[in-house]
Number of protein chains: 2
Amino acid sequence: MSKLPARIRLADAAFALFDERGYEQTTVDDIAERAGLGRTTFFRNYRTKEDVIFPDHDRLLALIRDRLATSSHSTALVAVSDAVRLVLLHYVDEGDLARRRYALTSKVAALRDREIASVGRYQRLFREFIADWMGGPTESASLRAELMAAAVVAAHNHVLRRWLRGESSDPVAEVDEAMREVLALFPAPGSSPEPGGTTVVAFRTAQDIDTLLPSLRRLVEDGAEH
Amino acid sequence: MSKLPARIRLADAAFALFDERGYEQTTVDDIAERAGLGRTTFFRNYRTKEDVIFPDHDRLLALIRDRLATSSHSTALVAVSDAVRLVLLHYVDEGDLARRRYALTSKVAALRDREIASVGRYQRLFREFIADWMGGPTESASLRAELMAAAVVAAHNHVLRRWLRGESSDPVAEVDEAMREVLALFPAPGSSPEPGGTTVVAFRTAQDIDTLLPSLRRLVEDGAEH
DNA sequence: CAAGCTATGGCACTGAGTGCCGCAAGTAAA
DNA sequence: TTTACTTGCGGCACTCAGTGCCATAGCTTG
């Protein structure tokens with residue numbers, strides 16, 4: 001027995017103790033002792049005490065980076081939406097572990113900060129990818145890239161949190177729906193007019209402008225209702 | 001001489017040492033010694049070593065919270081856009097200090113994480129405000145609130161970073177412009193047609209349609225470029 | 001003058017994280 | 001089998017951030 005690799009035994013001990021006494025009340029010595037290992041071994045497997053909770057953020061981040069680098073999508077936003085799916089799937093695969101981590105990060109401010117900082121790295125990656133994809137470092141393109149990255153991450157977090165709280169039974173479908181909503185916020189140029197853009201309609205009529213106005217007003221008001 | 005309050009002397013000493021040796025190479029003892037004060041006094045004035053760089057995030061956050069609580073705007077998004085202006089103005093007022101902080105956070109990962117975590121608190125505040133304002137905890141309203149909060153914060157960060165890097169001479173005008181862009185992403189129902197709607201433009205000219213087409217085409221294509 | 005308040009310094013302690021040394025077990029090569 | 005090399009582990013001493021307690025100097029208020 002106890003043939004499990006040290007990494008696993010340490011993580012098990014850590015989560016058990018965090019549940020029992022709380023995160024701050026648990027020392028690394030406690031964890032090592034519970035795992036039947038030395039303190040040194042803990043730090044050889046996890047760089048910090050927090051790392052035992054967030055073991056593979058670096059690995060996942062690298063995975064996403066690769067996915068983006070080798071992605072062939074029509075737009076940057078679609079590529080990023082696709083990549084962020086991977087993140088969600090990773091959490092969902094973790095299952096109960098992800099939920100235990102969520103319970104901890106909800107209670108401990110230091111862990112919440114750590115989580116947010118990790119998310120910030122994804123967002124930065126996305127922002128740079130979108131900005132590169134857009135090519136010219138125009139000022140408005142840069143802002144656009146920032147907004148897009150933020151929107152994708154926000155949508156992902158929204159769905160993820162719902163799933164972590166047990167409010168969602170099909171997070172994959174939800175994230176797809178959320179991404180559709182994000183895409184709708186940023187209509188692709190050429191496919192449909194941009195929100196801030198200009199729609200040019202040329203028409204000609206024999207009627208006077210004053211005759212047209214009432215019906216035009218009705219049209220606009222009806223349109224505003226849905 | 002050295003009649004300055006301890007807080008100031010400590011901050012001056014800290015920034016000087018961070019510039020000279022770097023953040024990690026500077027201990028709290030070093031800072032206290034340089035300021036001609038005791039270590040205890042440092043921790044009485046700043047809770048942590050990082051706090052000497054981010055002194056009044058809590059105060060600013062409280063200020064924003066108040067501003068939101070007492071705000072009377074037509075929509076939640078406008079209220080939040082207005083509140084985030086305060087944050088930008090705060091940084092701009094700090095002037096050179098904010099730039100020195102930016103130089104540090106750009107180099108030291110721990111400080112960058114801390115900064116991102118702080119921003120996360122603003123975003124959370126905004127998200128909750130918008131969600132409350134929207135009333136019914138509809139699922140789609142919740143996602144919308146998340147997207148709006150993320151967009152406002154992203155736009156703010158974009159302008160702030162430009163200013164911190166010295167790329168902007170009028171950040172206040174830029175943030176207003178950026179906020180207009182954010183507002184355009186989330187058209188208020190009823191106030192203006194939705195992105196999928198129809199823009200009606202009535203005009204009249206003596207010129208033939210074929211004469212107009214080339215210049216119209218140029219207009220549209222230029223518009224797509226920026 | 002006495003009492004009390006405030007700002008400070010000193011000191012000892014906990015706990016995270018680092019670095020080094022040494023040891024045991026397994027593996028490959030002689 | 002013996003030697004040499006590698007790998008995983010434990011122990012130990014150290015630095016440094018952060019906490020808590022106690023003492024003291026200076027100033028105000030009665």
# chains A, B, ... in the order shown; residues from 1 in each chain; ligands from 1
call {"tool": "interface_residues", "arguments": {"of": "chain B", "to": "chain C", "cutoff": "9 Å", "atoms": "only C-alpha atoms (C1' of nucleotides)", "output": "ChimeraX atom specification"}}
result
/B:37-41
call {"tool": "write_last_selection", "arguments": {"atoms": "all heavy atoms", "output": "short mmCIF file (atom, residue, chain, number, x, y, z; two decimals), in the first residue's frame"}}
result
data_model
loop_
_atom_site.label_atom_id
_atom_site.label_comp_id
_atom_site.auth_asym_id
_atom_site.auth_seq_id
_atom_site.Cartn_x
_atom_site.Cartn_y
_atom_site.Cartn_z
N LEU B 37 13.98 54.13 9.77
CA LEU B 37 12.89 53.71 10.65
C LEU B 37 13.04 52.23 10.97
O LEU B 37 13.87 51.54 10.38
CB LEU B 37 11.54 53.97 9.98
CG LEU B 37 11.17 55.45 9.79
CD1 LEU B 37 9.98 55.59 8.85
CD2 LEU B 37 10.88 56.10 11.14
N GLY B 38 12.23 51.77 11.86
CA GLY B 38 12.29 50.36 12.25
C GLY B 38 11.40 49.52 11.38
O GLY B 38 10.48 50.00 10.71
N ARG B 39 11.70 48.25 11.37
CA ARG B 39 10.93 47.29 10.59
C ARG B 39 9.45 47.28 11.01
O ARG B 39 8.54 47.19 10.17
CB ARG B 39 11.55 45.91 10.84
CG ARG B 39 11.14 44.83 9.89
CD ARG B 39 11.89 43.56 10.27
NE ARG B 39 10.96 42.50 10.61
CZ ARG B 39 10.48 41.64 9.73
NH1 ARG B 39 10.88 41.70 8.49
NH2 ARG B 39 9.64 40.72 10.08
N THR B 40 9.25 47.36 12.31
CA THR B 40 7.88 47.35 12.82
C THR B 40 7.06 48.49 12.23
O THR B 40 5.88 48.32 11.87
CB THR B 40 7.90 47.48 14.34
OG1 THR B 40 8.78 46.50 14.89
CG2 THR B 40 6.51 47.29 14.91
N THR B 41 7.70 49.65 12.14
CA THR B 41 6.99 50.82 11.61
C THR B 41 6.55 50.59 10.17
O THR B 41 5.49 51.04 9.76
CB THR B 41 7.89 52.06 11.70
OG1 THR B 41 8.28 52.24 13.06
CG2 THR B 41 7.17 53.29 11.22
#
call {"tool": "interface_residues", "arguments": {"of": "chain B", "to": "chain D", "cutoff": "8 Å", "atoms": "only C-alpha atoms (C1' of nucleotides)", "output": "compact mmCIF listing (two decimals) with C-alpha atoms, in the first residue's frame"}}
result
# COMPACT_ATOMS: atom_id res chain seq x y z
CA THR B 27 14.04 43.29 1.82
CA THR B 48 2.66 43.79 3.13
CA LYS B 49 5.73 44.57 1.09
call {"tool": "closest_residue", "arguments": {"among": "B:Val28, B:Leu125, B:Met148, B:Ile64", "to": "chain A", "atoms": "only C-alpha atoms"}}
result
B:Met148
call {"tool": "calpha_fit_rmsd", "arguments": {"fixed": "chain B", "moving": "chain A"}}
result
4.8 Å
call {"tool": "residues_around", "arguments": {"residues": "Val172 (chain A)", "least_positions_apart": "6", "cutoff": "10 Å", "atoms": "only C-alpha atoms (C1' of nucleotides)", "output": "PDB file with N, CA, C and O atoms, in the first residue's frame"}}
result
ATOM      1  N   ARG A  85     -12.645  26.710 -25.376  1.00  0.00           N
ATOM      2  CA  ARG A  85     -13.400  25.461 -25.148  1.00  0.00           C
ATOM      3  C   ARG A  85     -12.535  24.420 -24.481  1.00  0.00           C
ATOM      4  O   ARG A  85     -12.978  23.650 -23.634  1.00  0.00           O
ATOM      5  N   LEU A  88     -12.372  24.936 -20.781  1.00  0.00           N
ATOM      6  CA  LEU A  88     -13.579  24.468 -20.107  1.00  0.00           C
ATOM      7  C   LEU A  88     -13.595  22.942 -20.019  1.00  0.00           C
ATOM      8  O   LEU A  88     -13.885  22.371 -18.970  1.00  0.00           O
ATOM      9  N   LEU A  89     -13.249  22.310 -21.125  1.00  0.00           N
ATOM     10  CA  LEU A  89     -13.250  20.847 -21.132  1.00  0.00           C
ATOM     11  C   LEU A  89     -12.271  20.296 -20.104  1.00  0.00           C
ATOM     12  O   LEU A  89     -12.533  19.297 -19.446  1.00  0.00           O
ATOM     13  N   VAL A  92     -13.956  20.461 -16.793  1.00  0.00           N
ATOM     14  CA  VAL A  92     -15.039  19.493 -16.695  1.00  0.00           C
ATOM     15  C   VAL A  92     -14.480  18.084 -16.515  1.00  0.00           C
ATOM     16  O   VAL A  92     -15.007  17.287 -15.741  1.00  0.00           O
ATOM     17  N   VAL A 159     -19.793  30.499 -17.789  1.00  0.00           N
ATOM     18  CA  VAL A 159     -20.268  29.122 -17.930  1.00  0.00           C
ATOM     19  C   VAL A 159     -19.556  28.212 -16.929  1.00  0.00           C
ATOM     20  O   VAL A 159     -20.174  27.361 -16.289  1.00  0.00           O
ATOM     21  N   LEU A 160     -18.252  28.436 -16.795  1.00  0.00           N
ATOM     22  CA  LEU A 160     -17.503  27.587 -15.870  1.00  0.00           C
ATOM     23  C   LEU A 160     -18.039  27.707 -14.447  1.00  0.00           C
ATOM     24  O   LEU A 160     -18.255  26.699 -13.757  1.00  0.00           O
ATOM     25  N   TRP A 163     -21.189  25.872 -13.961  1.00  0.00           N
ATOM     26  CA  TRP A 163     -20.998  24.425 -13.849  1.00  0.00           C
ATOM     27  C   TRP A 163     -20.398  24.063 -12.483  1.00  0.00           C
ATOM     28  O   TRP A 163     -20.809  23.083 -11.844  1.00  0.00           O
ATOM     29  N   ALA A 178     -22.830  30.649 -25.414  1.00  0.00           N
ATOM     30  CA  ALA A 178     -22.239  31.901 -24.936  1.00  0.00           C
ATOM     31  C   ALA A 178     -21.281  32.472 -25.978  1.00  0.00           C
ATOM     32  O   ALA A 178     -21.220  33.685 -26.193  1.00  0.00           O
TER      33      ALA A 178
END
call {"tool": "residues_around", "arguments": {"residues": "Phe18 (chain A)", "least_positions_apart": "6", "cutoff": "10 Å", "atoms": "only C-alpha atoms (C1' of nucleotides)", "output": "ChimeraX atom specification"}}
result
/A:12,24-27,31,100,104
call {"tool": "write_last_selection", "arguments": {"atoms": "N, CA, C and O atoms", "output": "PDB file, in the first residue's frame"}}
result
ATOM      1  N   ASP A  12      -3.515  14.494  -2.268  1.00  0.00           N
ATOM      2  CA  ASP A  12      -4.613  13.942  -1.467  1.00  0.00           C
ATOM      3  C   ASP A  12      -4.554  14.471  -0.038  1.00  0.00           C
ATOM      4  O   ASP A  12      -5.556  14.924   0.519  1.00  0.00           O
ATOM      5  N   GLU A  24      -5.358  28.183   5.326  1.00  0.00           N
ATOM      6  CA  GLU A  24      -4.323  28.900   6.076  1.00  0.00           C
ATOM      7  C   GLU A  24      -3.907  28.159   7.342  1.00  0.00           C
ATOM      8  O   GLU A  24      -2.786  28.339   7.822  1.00  0.00           O
ATOM      9  N   GLN A  25      -4.803  27.355   7.858  1.00  0.00           N
ATOM     10  CA  GLN A  25      -4.496  26.632   9.092  1.00  0.00           C
ATOM     11  C   GLN A  25      -3.671  25.367   8.823  1.00  0.00           C
ATOM     12  O   GLN A  25      -3.330  24.647   9.756  1.00  0.00           O
ATOM     13  N   THR A  26      -3.392  25.126   7.576  1.00  0.00           N
ATOM     14  CA  THR A  26      -2.617  23.933   7.223  1.00  0.00           C
ATOM     15  C   THR A  26      -1.222  24.346   6.771  1.00  0.00           C
ATOM     16  O   THR A  26      -1.088  25.166   5.866  1.00  0.00           O
ATOM     17  N   THR A  27      -0.196  23.797   7.401  1.00  0.00           N
ATOM     18  CA  THR A  27       1.171  24.107   6.983  1.00  0.00           C
ATOM     19  C   THR A  27       1.679  23.032   6.033  1.00  0.00           C
ATOM     20  O   THR A  27       1.126  21.919   5.969  1.00  0.00           O
ATOM     21  N   ILE A  31       1.048  18.815   5.652  1.00  0.00           N
ATOM     22  CA  ILE A  31       0.737  18.047   4.443  1.00  0.00           C
ATOM     23  C   ILE A  31       1.739  16.922   4.241  1.00  0.00           C
ATOM     24  O   ILE A  31       1.369  15.769   3.994  1.00  0.00           O
ATOM     25  N   ARG A 100     -13.900  20.974  -5.794  1.00  0.00           N
ATOM     26  CA  ARG A 100     -13.268  21.177  -4.484  1.00  0.00           C
ATOM     27  C   ARG A 100     -12.376  22.414  -4.531  1.00  0.00           C
ATOM     28  O   ARG A 100     -12.302  23.198  -3.590  1.00  0.00           O
ATOM     29  N   LEU A 104     -12.573  26.002  -2.343  1.00  0.00           N
ATOM     30  CA  LEU A 104     -11.455  26.631  -1.643  1.00  0.00           C
ATOM     31  C   LEU A 104     -11.258  28.073  -2.098  1.00  0.00           C
ATOM     32  O   LEU A 104     -11.127  28.986  -1.284  1.00  0.00           O
TER      33      LEU A 104
END
call {"tool": "atom_distance", "arguments": {"atom1": "CA of Leu68 (chain A)", "atom2": "CA of Val80 (chain A)"}}
result
7.1 Å
